[in-house]
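Visitor: My structure is in data.pdb, and what it holds is PDB, C-alpha atoms:
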ATOM      1  CA  MET L 124      75.040  81.660 111.787
ATOM      2  CA  ILE L 125      73.277  80.848 115.058
ATOM      3  CA  THR L 126      76.444  79.409 116.602
ATOM      4  CA  MET L 127      78.466  82.421 115.418
ATOM      5  CA  ILE L 128      76.002  84.831 117.056
ATOM      6  CA  ALA L 129      76.073  82.761 120.249
ATOM      7  CA  GLY L 130      79.863  82.834 120.232
ATOM      8  CA  GLU L 131      79.973  86.608 119.820
ATOM      9  CA  ILE L 132      77.499  87.046 122.686
ATOM     10  CA  ALA L 133      79.684  84.836 124.878
ATOM     11  CA  ASN L 134      82.765  86.809 123.819
ATOM     12  CA  PHE L 135      80.968  90.045 124.715
ATOM     13  CA  ALA L 136      80.019  88.648 128.128
ATOM     14  CA  ALA L 137      83.597  87.517 128.779
ATOM     15  CA  TYR L 138      84.804  91.124 128.841
ATOM     16  CA  ALA L 139      82.500  91.817 131.783
ATOM     17  CA  PHE L 140      84.105  89.080 133.890
ATOM     18  CA  ALA L 141      87.771  89.004 132.829
ATOM     19  CA  PRO L 142      90.484  91.488 131.818
ATOM     20  CA  ALA L 143      90.755  92.326 128.127
ATOM     21  CA  ILE L 144      94.430  91.373 128.325
ATOM     22  CA  LEU L 145      93.211  87.789 128.926
ATOM     23  CA  VAL L 146      90.087  87.607 126.734
ATOM     24  CA  THR L 147      91.471  89.102 123.511
ATOM     25  CA  PRO L 148      94.516  86.832 122.991
ATOM     26  CA  LEU L 149      92.375  83.754 123.683
ATOM     27  CA  GLY L 150      90.520  84.529 120.462
ATOM     28  CA  ALA L 151      93.276  82.497 118.795
ATOM     29  CA  LEU L 152      91.581  79.363 120.137
ATOM     30  CA  SER L 153      88.833  79.848 117.549
ATOM     31  CA  ILE L 154      91.490  79.458 114.857
ATOM     32  CA  ILE L 155      92.532  76.105 116.310
ATOM     33  CA  ILE L 156      88.952  74.840 116.544
ATOM     34  CA  SER L 157      88.229  75.987 112.986
ATOM     35  CA  ALA L 158      91.312  74.191 111.685
ATOM     36  CA  ALA L 159      90.443  71.003 113.567
ATOM     37  CA  LEU L 160      86.808  70.996 112.398
ATOM     38  CA  ALA L 161      87.834  71.724 108.803
ATOM     39  CA  HIS L 162      90.194  68.762 108.944
ATOM     40  CA  ALA L 163      87.622  66.421 110.512
ATOM     41  CA  ILE L 164      84.426  67.480 108.733
ATOM     42  CA  LEU L 165      85.478  69.108 105.458
ATOM     43  CA  GLN L 166      88.397  66.715 104.921
ATOM     44  CA  GLU L 167      90.810  69.629 104.520
ATOM     45  CA  LYS L 168      94.453  68.671 104.851
ATOM     46  CA  LEU L 169      96.288  70.068 107.863
ATOM     47  CA  HIS L 170     100.021  70.410 107.238
ATOM     48  CA  THR L 171     102.496  69.307 109.900
ATOM     49  CA  PHE L 172     103.424  72.955 110.425
ATOM     50  CA  GLY L 173      99.727  73.711 110.876
ATOM     51  CA  ILE L 174      99.563  71.171 113.694
ATOM     52  CA  LEU L 175     102.637  72.783 115.220
ATOM     53  CA  GLY L 176     100.926  76.180 114.934
ATOM     54  CA  CYS L 177      97.897  74.848 116.821
ATOM     55  CA  ALA L 178     100.174  73.473 119.538
ATOM     56  CA  LEU L 179     101.917  76.852 119.884
ATOM     57  CA  CYS L 180      98.546  78.591 120.253
ATOM     58  CA  VAL L 181      97.555  76.170 123.026
ATOM     59  CA  VAL L 182     100.868  76.651 124.866
ATOM     60  CA  GLY L 183     100.655  80.431 124.569
ATOM     61  CA  SER L 184      97.031  80.525 125.704
ATOM     62  CA  THR L 185      97.816  78.343 128.720
ATOM     63  CA  THR L 186     100.706  80.619 129.671
ATOM     64  CA  ILE L 187      98.517  83.725 129.514
ATOM     65  CA  VAL L 188      95.701  82.117 131.508
ATOM     66  CA  LEU L 189      98.074  81.014 134.280
ATOM     67  CA  HIS L 190      99.630  84.485 134.614
ATOM     68  CA  ALA L 191      96.690  86.752 133.780
ATOM     69  CA  PRO L 192      95.869  89.588 136.201
ATOM     70  CA  GLN L 193      92.782  89.445 138.373
ATOM     71  CA  GLU L 194      89.716  91.402 137.288
ATOM     72  CA  ARG L 195      89.396  94.547 139.374
ATOM     73  CA  GLU L 196      86.190  95.045 141.341
ATOM     74  CA  ILE L 197      84.017  97.750 139.794
ATOM     75  CA  GLU L 198      80.712  98.726 141.391
ATOM     76  CA  SER L 199      79.488 101.415 139.012
ATOM     77  CA  VAL L 200      79.837 102.448 135.382
ATOM     78  CA  LYS L 201      80.981 105.794 136.745
ATOM     79  CA  GLU L 202      84.193 104.109 137.891
ATOM     80  CA  VAL L 203      84.842 102.925 134.343
ATOM     81  CA  TRP L 204      84.097 106.400 133.024
ATOM     82  CA  HIS L 205      86.604 107.807 135.497
ATOM     83  CA  LEU L 206      89.241 105.377 134.207
ATOM     84  CA  ALA L 207      88.405 106.299 130.607
ATOM     85  CA  THR L 208      88.760 110.030 131.281
ATOM     86  CA  GLU L 209      92.148 109.890 132.956
ATOM     87  CA  PRO L 210      94.852 111.853 131.087
ATOM     88  CA  ALA L 211      96.831 108.775 129.992
ATOM     89  CA  PHE L 212      93.902 107.078 128.269
ATOM     90  CA  LEU L 213      92.560 110.344 126.846
ATOM     91  CA  LEU L 214      95.970 110.869 125.245
ATOM     92  CA  TYR L 215      95.906 107.329 123.826
ATOM     93  CA  ALA L 216      92.365 107.818 122.475
ATOM     94  CA  ALA L 217      93.315 111.157 120.913
ATOM     95  CA  ILE L 218      96.346 109.592 119.197
ATOM     96  CA  VAL L 219      94.241 106.675 117.909
ATOM     97  CA  ILE L 220      91.468 108.875 116.511
ATOM     98  CA  THR L 221      93.935 111.342 114.968
ATOM     99  CA  ALA L 222      95.916 108.537 113.336
ATOM    100  CA  ALA L 223      92.737 106.926 111.975
ATOM    101  CA  VAL L 224      91.490 110.214 110.504
ATOM    102  CA  VAL L 225      94.851 110.964 108.898
ATOM    103  CA  ILE L 226      95.003 107.484 107.357
ATOM    104  CA  ILE L 227      91.445 107.770 106.026
ATOM    105  CA  ILE L 228      91.927 111.233 104.513
ATOM    106  CA  ARG L 229      95.558 111.248 103.400
ATOM    107  CA  VAL L 230      96.827 107.668 103.082
ATOM    108  CA  ILE L 231      93.940 105.580 101.718
ATOM    109  CA  PRO L 232      93.532 107.526  98.431
ATOM    110  CA  HIS L 233      97.184 106.841  97.530
ATOM    111  CA  TYR L 234      98.082 103.519  99.143
ATOM    112  CA  GLY L 235      94.816 101.796 100.094
ATOM    113  CA  GLN L 236      94.840  99.434  97.112
ATOM    114  CA  THR L 237      98.513  98.494  97.318
ATOM    115  CA  HIS L 238      99.467  98.286 101.016
ATOM    116  CA  VAL L 239      97.621  95.818 103.242
ATOM    117  CA  MET L 240      98.613  97.686 106.418
ATOM    118  CA  VAL L 241      96.515 100.745 105.522
ATOM    119  CA  TYR L 242      93.053  99.262 106.041
ATOM    120  CA  ILE L 243      94.208  96.954 108.823
ATOM    121  CA  SER L 244      95.679  99.886 110.763
ATOM    122  CA  ILE L 245      92.295 101.613 110.878
ATOM    123  CA  CYS L 246      90.526  98.399 111.939
ATOM    124  CA  SER L 247      93.046  97.728 114.701
ATOM    125  CA  LEU L 248      93.153 101.286 116.034
ATOM    126  CA  MET L 249      89.379 101.606 116.232
ATOM    127  CA  GLY L 250      89.108  98.018 117.437
ATOM    128  CA  SER L 251      91.157  98.775 120.544
ATOM    129  CA  LEU L 252      88.726 101.556 121.487
ATOM    130  CA  SER L 253      85.716  99.372 120.717
ATOM    131  CA  VAL L 254      86.955  96.623 123.053
ATOM    132  CA  MET L 255      87.396  99.103 125.921
ATOM    133  CA  SER L 256      83.876 100.425 125.321
ATOM    134  CA  VAL L 257      82.467  96.896 125.013
ATOM    135  CA  LYS L 258      84.073  95.995 128.336
ATOM    136  CA  ALA L 259      82.564  99.098 129.965
ATOM    137  CA  LEU L 260      79.142  98.293 128.510
ATOM    138  CA  GLY L 261      79.458  94.660 129.593
ATOM    139  CA  ILE L 262      80.256  95.726 133.152
ATOM    140  CA  ALA L 263      77.242  98.055 133.136
ATOM    141  CA  LEU L 264      74.931  95.258 131.986
ATOM    142  CA  LYS L 265      76.400  92.817 134.515
ATOM    143  CA  LEU L 266      75.753  95.258 137.360
ATOM    144  CA  THR L 267      72.269  95.968 136.021
ATOM    145  CA  PHE L 268      71.359  92.277 135.963
ATOM    146  CA  SER L 269      72.697  91.909 139.517
ATOM    147  CA  GLY L 270      70.260  94.551 140.785
ATOM    148  CA  MET L 271      72.242  97.791 140.448
ATOM    149  CA  ASN L 272      70.639  99.555 137.485
ATOM    150  CA  GLN L 273      73.306 101.284 135.407
ATOM    151  CA  LEU L 274      70.989 102.248 132.546
ATOM    152  CA  LEU L 275      70.066 105.410 134.424
ATOM    153  CA  TYR L 276      73.569 106.827 134.003
ATOM    154  CA  PRO L 277      74.422 108.774 130.827
ATOM    155  CA  GLN L 278      77.876 107.171 130.831
ATOM    156  CA  THR L 279      76.303 103.814 129.898
ATOM    157  CA  TRP L 280      74.700 105.294 126.799
ATOM    158  CA  ALA L 281      77.867 107.189 125.944
ATOM    159  CA  PHE L 282      79.801 103.914 125.919
ATOM    160  CA  THR L 283      77.032 102.395 123.751
ATOM    161  CA  LEU L 284      77.417 105.145 121.138
ATOM    162  CA  ILE L 285      81.191 104.727 121.141
ATOM    163  CA  VAL L 286      80.801 100.975 120.609
ATOM    164  CA  LEU L 287      78.481 101.521 117.642
ATOM    165  CA  ALA L 288      80.737 104.121 116.020
ATOM    166  CA  CYS L 289      83.919 102.082 116.463
ATOM    167  CA  VAL L 290      82.392  98.769 115.374
ATOM    168  CA  ILE L 291      80.833 100.252 112.229
ATOM    169  CA  THR L 292      84.154 101.828 111.252
ATOM    170  CA  GLN L 293      86.033  98.634 112.063
ATOM    171  CA  ILE L 294      83.736  96.386 110.022
ATOM    172  CA  ASN L 295      83.698  98.784 107.071
ATOM    173  CA  TYR L 296      87.472  98.891 106.630
ATOM    174  CA  LEU L 297      87.951  95.227 107.482
ATOM    175  CA  ASN L 298      85.586  94.345 104.625
ATOM    176  CA  LYS L 299      87.577  96.626 102.310
ATOM    177  CA  ALA L 300      90.802  94.900 103.349
ATOM    178  CA  LEU L 301      89.325  91.453 102.714
ATOM    179  CA  ASP L 302      87.928  92.593  99.364
ATOM    180  CA  THR L 303      91.309  93.952  98.250
ATOM    181  CA  PHE L 304      93.811  91.482  99.667
ATOM    182  CA  ASN L 305      94.094  87.764 100.317
ATOM    183  CA  ALA L 306      92.256  86.750 103.496
ATOM    184  CA  ALA L 307      95.179  84.494 104.449
ATOM    185  CA  VAL L 308      97.333  87.610 104.649
ATOM    186  CA  VAL L 309      94.768  89.945 106.220
ATOM    187  CA  SER L 310      93.683  87.611 109.046
ATOM    188  CA  PRO L 311      97.011  87.051 110.858
ATOM    189  CA  ILE L 312      98.184  90.663 110.441
ATOM    190  CA  TYR L 313      94.852  91.967 111.704
ATOM    191  CA  TYR L 314      94.907  89.568 114.660
ATOM    192  CA  VAL L 315      98.412  90.700 115.666
ATOM    193  CA  MET L 316      97.728  94.438 115.380
ATOM    194  CA  PHE L 317      94.261  94.306 116.912
ATOM    195  CA  THR L 318      95.354  92.177 119.872
ATOM    196  CA  SER L 319      98.521  94.206 120.501
ATOM    197  CA  LEU L 320      96.681  97.542 120.509
ATOM    198  CA  THR L 321      93.863  96.117 122.647
ATOM    199  CA  ILE L 322      96.349  94.911 125.252
ATOM    200  CA  LEU L 323      98.052  98.314 125.206
ATOM    201  CA  ALA L 324      94.718 100.113 125.640
ATOM    202  CA  SER L 325      93.712  97.791 128.484
ATOM    203  CA  VAL L 326      97.020  98.274 130.263
ATOM    204  CA  ILE L 327      96.614 102.061 130.029
ATOM    205  CA  MET L 328      92.927 102.264 130.953
ATOM    206  CA  PHE L 329      92.456  99.445 133.480
ATOM    207  CA  LYS L 330      96.088  99.312 134.663
ATOM    208  CA  ASP L 331      96.196  95.530 134.325
ATOM    209  CA  TRP L 332      99.912  95.326 135.087
ATOM    210  CA  ASP L 333      99.878  97.474 138.229
ATOM    211  CA  GLY L 334     101.180  95.461 141.158
ATOM    212  CA  LYS L 335     102.722  92.748 138.978
ATOM    213  CA  ASN L 336     106.435  92.090 138.955
ATOM    214  CA  ALA L 337     108.620  92.094 135.870
ATOM    215  CA  SER L 338     108.778  88.305 135.558
ATOM    216  CA  GLN L 339     104.976  87.996 135.426
ATOM    217  CA  ILE L 340     104.732  90.698 132.760
ATOM    218  CA  VAL L 341     107.499  89.110 130.677
ATOM    219  CA  THR L 342     105.814  85.705 130.984
ATOM    220  CA  GLU L 343     102.526  87.127 129.693
ATOM    221  CA  ILE L 344     104.320  88.793 126.787
ATOM    222  CA  CYS L 345     106.080  85.520 125.945
ATOM    223  CA  GLY L 346     102.728  83.704 125.976
ATOM    224  CA  PHE L 347     101.296  86.317 123.632
ATOM    225  CA  VAL L 348     104.264  86.054 121.268
ATOM    226  CA  THR L 349     103.859  82.262 121.274
ATOM    227  CA  ILE L 350     100.223  82.641 120.218
ATOM    228  CA  LEU L 351     101.247  85.042 117.460
ATOM    229  CA  SER L 352     103.839  82.580 116.185
ATOM    230  CA  GLY L 353     101.318  79.756 116.121
ATOM    231  CA  THR L 354      98.727  81.927 114.366
ATOM    232  CA  PHE L 355     101.141  82.970 111.626
ATOM    233  CA  LEU L 356     102.390  79.427 111.165
ATOM    234  CA  LEU L 357      98.858  78.058 110.889
ATOM    235  CA  HIS L 358      97.764  80.665 108.349
ATOM    236  CA  GLU L 359     100.921  80.496 106.245
ATOM    237  CA  THR L 360     100.776  76.706 105.872
ATOM    238  CA  LYS L 361      97.025  76.134 105.614
ATOM    239  CA  ASP L 362      97.181  75.751 101.799
ATOM    240  CA  MET L 363     100.341  73.648 101.778
ATOM    241  CA  VAL L 364     100.410  69.888 101.334
ATOM    242  CA  GLU L 365     103.007  67.493 102.678
ATOM    243  CA  GLY L 366     106.255  67.713 100.723
ATOM    244  CA  SER L 367     105.389  71.113  99.223
ATOM    245  CA  SER L 368     107.489  74.179  99.863
ATOM    246  CA  GLN L 369     105.351  76.647  97.953
ATOM    247  CA  SER L 370     104.675  79.859  99.796
ATOM    248  CA  LEU L 371     101.351  81.597  99.993
ATOM    249  CA  SER L 372     100.523  84.357  97.546
ATOM    250  CA  LEU L 373     100.180  87.732  99.223
ATOM    251  CA  ARG L 374      97.729  89.065  96.648
ATOM    252  CA  LEU L 375      94.363  88.056  95.381
ATOM    253  CA  PRO L 376      94.275  86.317  91.995
ATOM    254  CA  LYS L 377      92.851  89.457  90.410
ATOM    255  CA  HIS L 378      96.026  91.331  91.348
ATOM    256  CA  GLU L 379      98.425  88.713  90.061
ATOM    257  CA  GLU L 380     100.202  89.191  86.781
ATOM    258  CA  GLU L 381      98.913  87.129  83.904
ATOM    259  CA  ASP L 382     101.474  85.230  81.911
ATOM    260  CA  GLU L 383      99.781  85.578  78.576
ATOM    261  CA  GLY L 384     101.562  84.137  75.562
ATOM    262  CA  LEU L 385     103.536  81.552  77.563
ATOM    263  CA  ASP L 386     103.312  77.785  77.380
ATOM    264  CA  PRO L 387     103.421  75.703  80.628
ATOM    265  CA  GLU L 388     107.231  75.852  80.633
ATOM    266  CA  GLY L 389     107.316  79.618  80.303
ATOM    267  CA  ILE L 390     108.559  79.716  76.675
ATOM    268  CA  PRO L 391     107.004  82.402  74.448
ATOM    269  CA  LEU L 392     104.577  80.773  71.990
ATOM    270  CA  ARG L 393     105.601  83.045  69.158
ATOM    271  CA  GLN L 394     109.181  81.856  69.493
ATOM    272  CA  LEU L 395     107.988  78.247  69.294
ATOM    273  CA  ASP L 396     106.241  79.037  66.003
ATOM    274  CA  THR L 397     109.451  80.366  64.498
ATOM    275  CA  LEU L 398     111.299  77.182  65.446
ATOM    276  CA  GLY L 399     108.813  74.890  63.682
ATOM    277  CA  PRO L 400     109.253  73.460  60.141
ATOM    278  CA  LYS L 401     108.603  75.819  57.257
TER     279      LYS L 401
END
Rewrite the structure of this file - the entire thing - as structure tokens.

Guide:
Amino acid sequence: MITMIAGEIANFAAYAFAPAILVTPLGALSIIISAALAHAILQEKLHTFGILGCALCVVGSTTIVLHAPQEREIESVKEVWHLATEPAFLLYAAIVITAAVVIIIRVIPHYGQTHVMVYISICSLMGSLSVMSVKALGIALKLTFSGMNQLLYPQTWAFTLIVLACVITQINYLNKALDTFNAAVVSPIYYVMFTSLTILASVIMFKDWDGKNASQIVTEICGFVTILSGTFLLHETKDMVEGSSQSLSLRLPKHEEEDEGLDPEGIPLRQLDTLGPK
């Protein structure tokens, strides 16, 4: 628990020093470390495809790091507030909030228990706004610690309230998704949607791709897609053993159909009784 808290604090601090388009995709490295430690300490088997997935995550992360945009110089939280109140990002935020409200009110009552994308969509949409607010708050704290007090500005506290609201909503629906569906299915889908929307929000708000040519942008996208491929491969094969081709169940055991009345070969037991000697 202590190491997890320390890691989250470090992740929070990273947003104050690097673009979100760089920090968020690198979260896949935690998946690699978890898989390696589970294999070394817990003696969990790592399938060959799992090793390949780890390698893809490393290659993708390296590609993004080498071609990531430089962090823009910001000297006041007011500058971040100005970026957040530009028409393009206000439109994005309005679409995100409207979509989340519609899903909560209209979609969840009918499809929340049967479609994994419902809960994950809310988590990812609100997560993209929370990351932008976390980055703004991180910049404010960084400037404050360097001698320029940003706690006097109301914008700092406004970003704090937005962070709290978004994070609470995000955690609530993520827990519902994990309670309803298999974690091995929820985790990779959530990572893909959350990271994609966060990158989109960062590009709109902080204009991370301004001044970059098409080849640099395409290279970053390719690195991101490589990470996604490695993440999916690692999650989909984590329960496989060598020589097995069984695929992962998409539902929790409580949602799987029970084959009552069948013997191990799938033959109805009642039929076996009728075939016995009389």

Visitor: Tell me, in Å to one decimal, how far CA of Ser251 (chain L) is from CA of Phe317 (chain L).

Guide: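 Separating CA of Ser251 (chain L) from CA of Phe317 (chain L) is a distance of 6.5 Å.
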
Visitor: Find the residues near Ile327 (chain L): any atom within 7 Å, counting only C-alpha atoms, skip ones fewer than 4 places away on the same chain, and give them as number ranges by chain.

Guide: L: 211-212, 323

Visitor: Okay, now the selection with C-alpha atoms, as a PDB file, in the coordinates of the input?

Guide:
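What landed in selection.pdb:
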ATOM      1  CA  ALA L 211      96.831 108.775 129.992  1.00  0.00           C
ATOM      2  CA  PHE L 212      93.902 107.078 128.269  1.00  0.00           C
ATOM      3  CA  LEU L 323      98.052  98.314 125.206  1.00  0.00           C
TER       4      LEU L 323
END

Visitor: Starting from the displayed file, determine the output of the PyMOL selection byres ((chain L and resi 149) around 9) and express the residue list as a list in words.

Guide: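 That expression, the PyMOL selection byres ((chain L and resi 149) around 9), corresponds here to Leu145, Val146, Thr147, Pro148, Gly150, Ala151, Leu152, Ser153, Cys180, Gly183, Ser184, Ile187, Val188 and Ile350 of chain L.
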
Visitor: Identify all residues satisfying the PyMOL selection byres ((chain L and resi 264) around 12) in the given file; provide them as an mmCIF file with C-alpha atoms, keeping the file's coordinate frame.

Guide:
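Saved file selection_20.cif follows:
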data_model
loop_
_atom_site.group_PDB
_atom_site.id
_atom_site.type_symbol
_atom_site.label_atom_id
_atom_site.label_comp_id
_atom_site.auth_asym_id
_atom_site.auth_seq_id
_atom_site.Cartn_x
_atom_site.Cartn_y
_atom_site.Cartn_z
ATOM 1 C CA PHE L 135 80.968 90.045 124.715
ATOM 2 C CA ALA L 136 80.019 88.648 128.128
ATOM 3 C CA TYR L 138 84.804 91.124 128.841
ATOM 4 C CA ALA L 139 82.500 91.817 131.783
ATOM 5 C CA PHE L 140 84.105 89.080 133.890
ATOM 6 C CA GLU L 198 80.712 98.726 141.391
ATOM 7 C CA SER L 199 79.488 101.415 139.012
ATOM 8 C CA VAL L 200 79.837 102.448 135.382
ATOM 9 C CA VAL L 257 82.467 96.896 125.013
ATOM 10 C CA LYS L 258 84.073 95.995 128.336
ATOM 11 C CA ALA L 259 82.564 99.098 129.965
ATOM 12 C CA LEU L 260 79.142 98.293 128.510
ATOM 13 C CA GLY L 261 79.458 94.660 129.593
ATOM 14 C CA ILE L 262 80.256 95.726 133.152
ATOM 15 C CA ALA L 263 77.242 98.055 133.136
ATOM 16 C CA LYS L 265 76.400 92.817 134.515
ATOM 17 C CA LEU L 266 75.753 95.258 137.360
ATOM 18 C CA THR L 267 72.269 95.968 136.021
ATOM 19 C CA PHE L 268 71.359 92.277 135.963
ATOM 20 C CA SER L 269 72.697 91.909 139.517
ATOM 21 C CA GLY L 270 70.260 94.551 140.785
ATOM 22 C CA MET L 271 72.242 97.791 140.448
ATOM 23 C CA ASN L 272 70.639 99.555 137.485
ATOM 24 C CA GLN L 273 73.306 101.284 135.407
ATOM 25 C CA LEU L 274 70.989 102.248 132.546
ATOM 26 C CA LEU L 275 70.066 105.410 134.424
ATOM 27 C CA TYR L 276 73.569 106.827 134.003
ATOM 28 C CA THR L 279 76.303 103.814 129.898
ATOM 29 C CA TRP L 280 74.700 105.294 126.799
ATOM 30 C CA PHE L 282 79.801 103.914 125.919
ATOM 31 C CA THR L 283 77.032 102.395 123.751
#

Visitor: Could you tell me, as an MDAnalysis selection string, which residues have any atom at most 9 Å from (82.2, 98.0, 117.2), counting only C-alpha atoms?

Guide: chainID L and resid 249:250 252:254 256:257 285:294

Visitor: Give as a PyMOL selection string the residues that the PyMOL selection byres ((chain L and resi 246) around 12) matches when applied to the coordinates above.

Guide: chain L and resi 219-220+222-224+226-227+239-245+247-254+289-301+309-310+312-318+320-321

Visitor: Kindly export the residues of the current selection with C-alpha atoms, as a PDB file, keeping the file's coordinate frame.

Guide:
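result_28.pdb written:
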ATOM      1  CA  VAL L 219      94.241 106.675 117.909  1.00  0.00           C
ATOM      2  CA  ILE L 220      91.468 108.875 116.511  1.00  0.00           C
ATOM      3  CA  ALA L 222      95.916 108.537 113.336  1.00  0.00           C
ATOM      4  CA  ALA L 223      92.737 106.926 111.975  1.00  0.00           C
ATOM      5  CA  VAL L 224      91.490 110.214 110.504  1.00  0.00           C
ATOM      6  CA  ILE L 226      95.003 107.484 107.357  1.00  0.00           C
ATOM      7  CA  ILE L 227      91.445 107.770 106.026  1.00  0.00           C
ATOM      8  CA  VAL L 239      97.621  95.818 103.242  1.00  0.00           C
ATOM      9  CA  MET L 240      98.613  97.686 106.418  1.00  0.00           C
ATOM     10  CA  VAL L 241      96.515 100.745 105.522  1.00  0.00           C
ATOM     11  CA  TYR L 242      93.053  99.262 106.041  1.00  0.00           C
ATOM     12  CA  ILE L 243      94.208  96.954 108.823  1.00  0.00           C
ATOM     13  CA  SER L 244      95.679  99.886 110.763  1.00  0.00           C
ATOM     14  CA  ILE L 245      92.295 101.613 110.878  1.00  0.00           C
ATOM     15  CA  SER L 247      93.046  97.728 114.701  1.00  0.00           C
ATOM     16  CA  LEU L 248      93.153 101.286 116.034  1.00  0.00           C
ATOM     17  CA  MET L 249      89.379 101.606 116.232  1.00  0.00           C
ATOM     18  CA  GLY L 250      89.108  98.018 117.437  1.00  0.00           C
ATOM     19  CA  SER L 251      91.157  98.775 120.544  1.00  0.00           C
ATOM     20  CA  LEU L 252      88.726 101.556 121.487  1.00  0.00           C
ATOM     21  CA  SER L 253      85.716  99.372 120.717  1.00  0.00           C
ATOM     22  CA  VAL L 254      86.955  96.623 123.053  1.00  0.00           C
ATOM     23  CA  CYS L 289      83.919 102.082 116.463  1.00  0.00           C
ATOM     24  CA  VAL L 290      82.392  98.769 115.374  1.00  0.00           C
ATOM     25  CA  ILE L 291      80.833 100.252 112.229  1.00  0.00           C
ATOM     26  CA  THR L 292      84.154 101.828 111.252  1.00  0.00           C
ATOM     27  CA  GLN L 293      86.033  98.634 112.063  1.00  0.00           C
ATOM     28  CA  ILE L 294      83.736  96.386 110.022  1.00  0.00           C
ATOM     29  CA  ASN L 295      83.698  98.784 107.071  1.00  0.00           C
ATOM     30  CA  TYR L 296      87.472  98.891 106.630  1.00  0.00           C
ATOM     31  CA  LEU L 297      87.951  95.227 107.482  1.00  0.00           C
ATOM     32  CA  ASN L 298      85.586  94.345 104.625  1.00  0.00           C
ATOM     33  CA  LYS L 299      87.577  96.626 102.310  1.00  0.00           C
ATOM     34  CA  ALA L 300      90.802  94.900 103.349  1.00  0.00           C
ATOM     35  CA  LEU L 301      89.325  91.453 102.714  1.00  0.00           C
ATOM     36  CA  VAL L 309      94.768  89.945 106.220  1.00  0.00           C
ATOM     37  CA  SER L 310      93.683  87.611 109.046  1.00  0.00           C
ATOM     38  CA  ILE L 312      98.184  90.663 110.441  1.00  0.00           C
ATOM     39  CA  TYR L 313      94.852  91.967 111.704  1.00  0.00           C
ATOM     40  CA  TYR L 314      94.907  89.568 114.660  1.00  0.00           C
ATOM     41  CA  VAL L 315      98.412  90.700 115.666  1.00  0.00           C
ATOM     42  CA  MET L 316      97.728  94.438 115.380  1.00  0.00           C
ATOM     43  CA  PHE L 317      94.261  94.306 116.912  1.00  0.00           C
ATOM     44  CA  THR L 318      95.354  92.177 119.872  1.00  0.00           C
ATOM     45  CA  LEU L 320      96.681  97.542 120.509  1.00  0.00           C
ATOM     46  CA  THR L 321      93.863  96.117 122.647  1.00  0.00           C
TER      47      THR L 321
END

Visitor: From the list L:Ala158, L:Ile228, L:Leu206, L:Ile128, which residue is nearest His170 (chain L) when using all atoms listed in the file?

Guide: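 With all atoms listed in the file as the atom set, the closest residue is L:Ala158.
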
Visitor: Tell me, in Å to one decimal, how far CA of Val348 (chain L) is from CA of Thr185 (chain L).

Guide: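 Pair CA of Val348 (chain L) / CA of Thr185 (chain L) returns 12.5 Å.
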
Visitor: Which of these, L:Glu131, L:Met124, L:Asn336, L:Val182, has the shortest distance to Ser352 (chain L) once you count only C-alpha atoms?

Guide: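 That would be L:Val182, the residue with the smallest distance to Ser352 (chain L).
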
Visitor: Can you pull out every residue within 7 Å of His358 (chain L), counting all atoms listed in the file, but drop anything in the same chain fewer than 4 positions away, and send it as JSON, numbers by chain?

Guide: {"L": [307, 311, 354]}

Visitor: Provide the CA of Ala281 (chain L) to CA of Glu202 (chain L) distance in Å, to one decimal place.

Guide: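 One can read the CA of Ala281 (chain L) to CA of Glu202 (chain L) distance as 13.9 Å.
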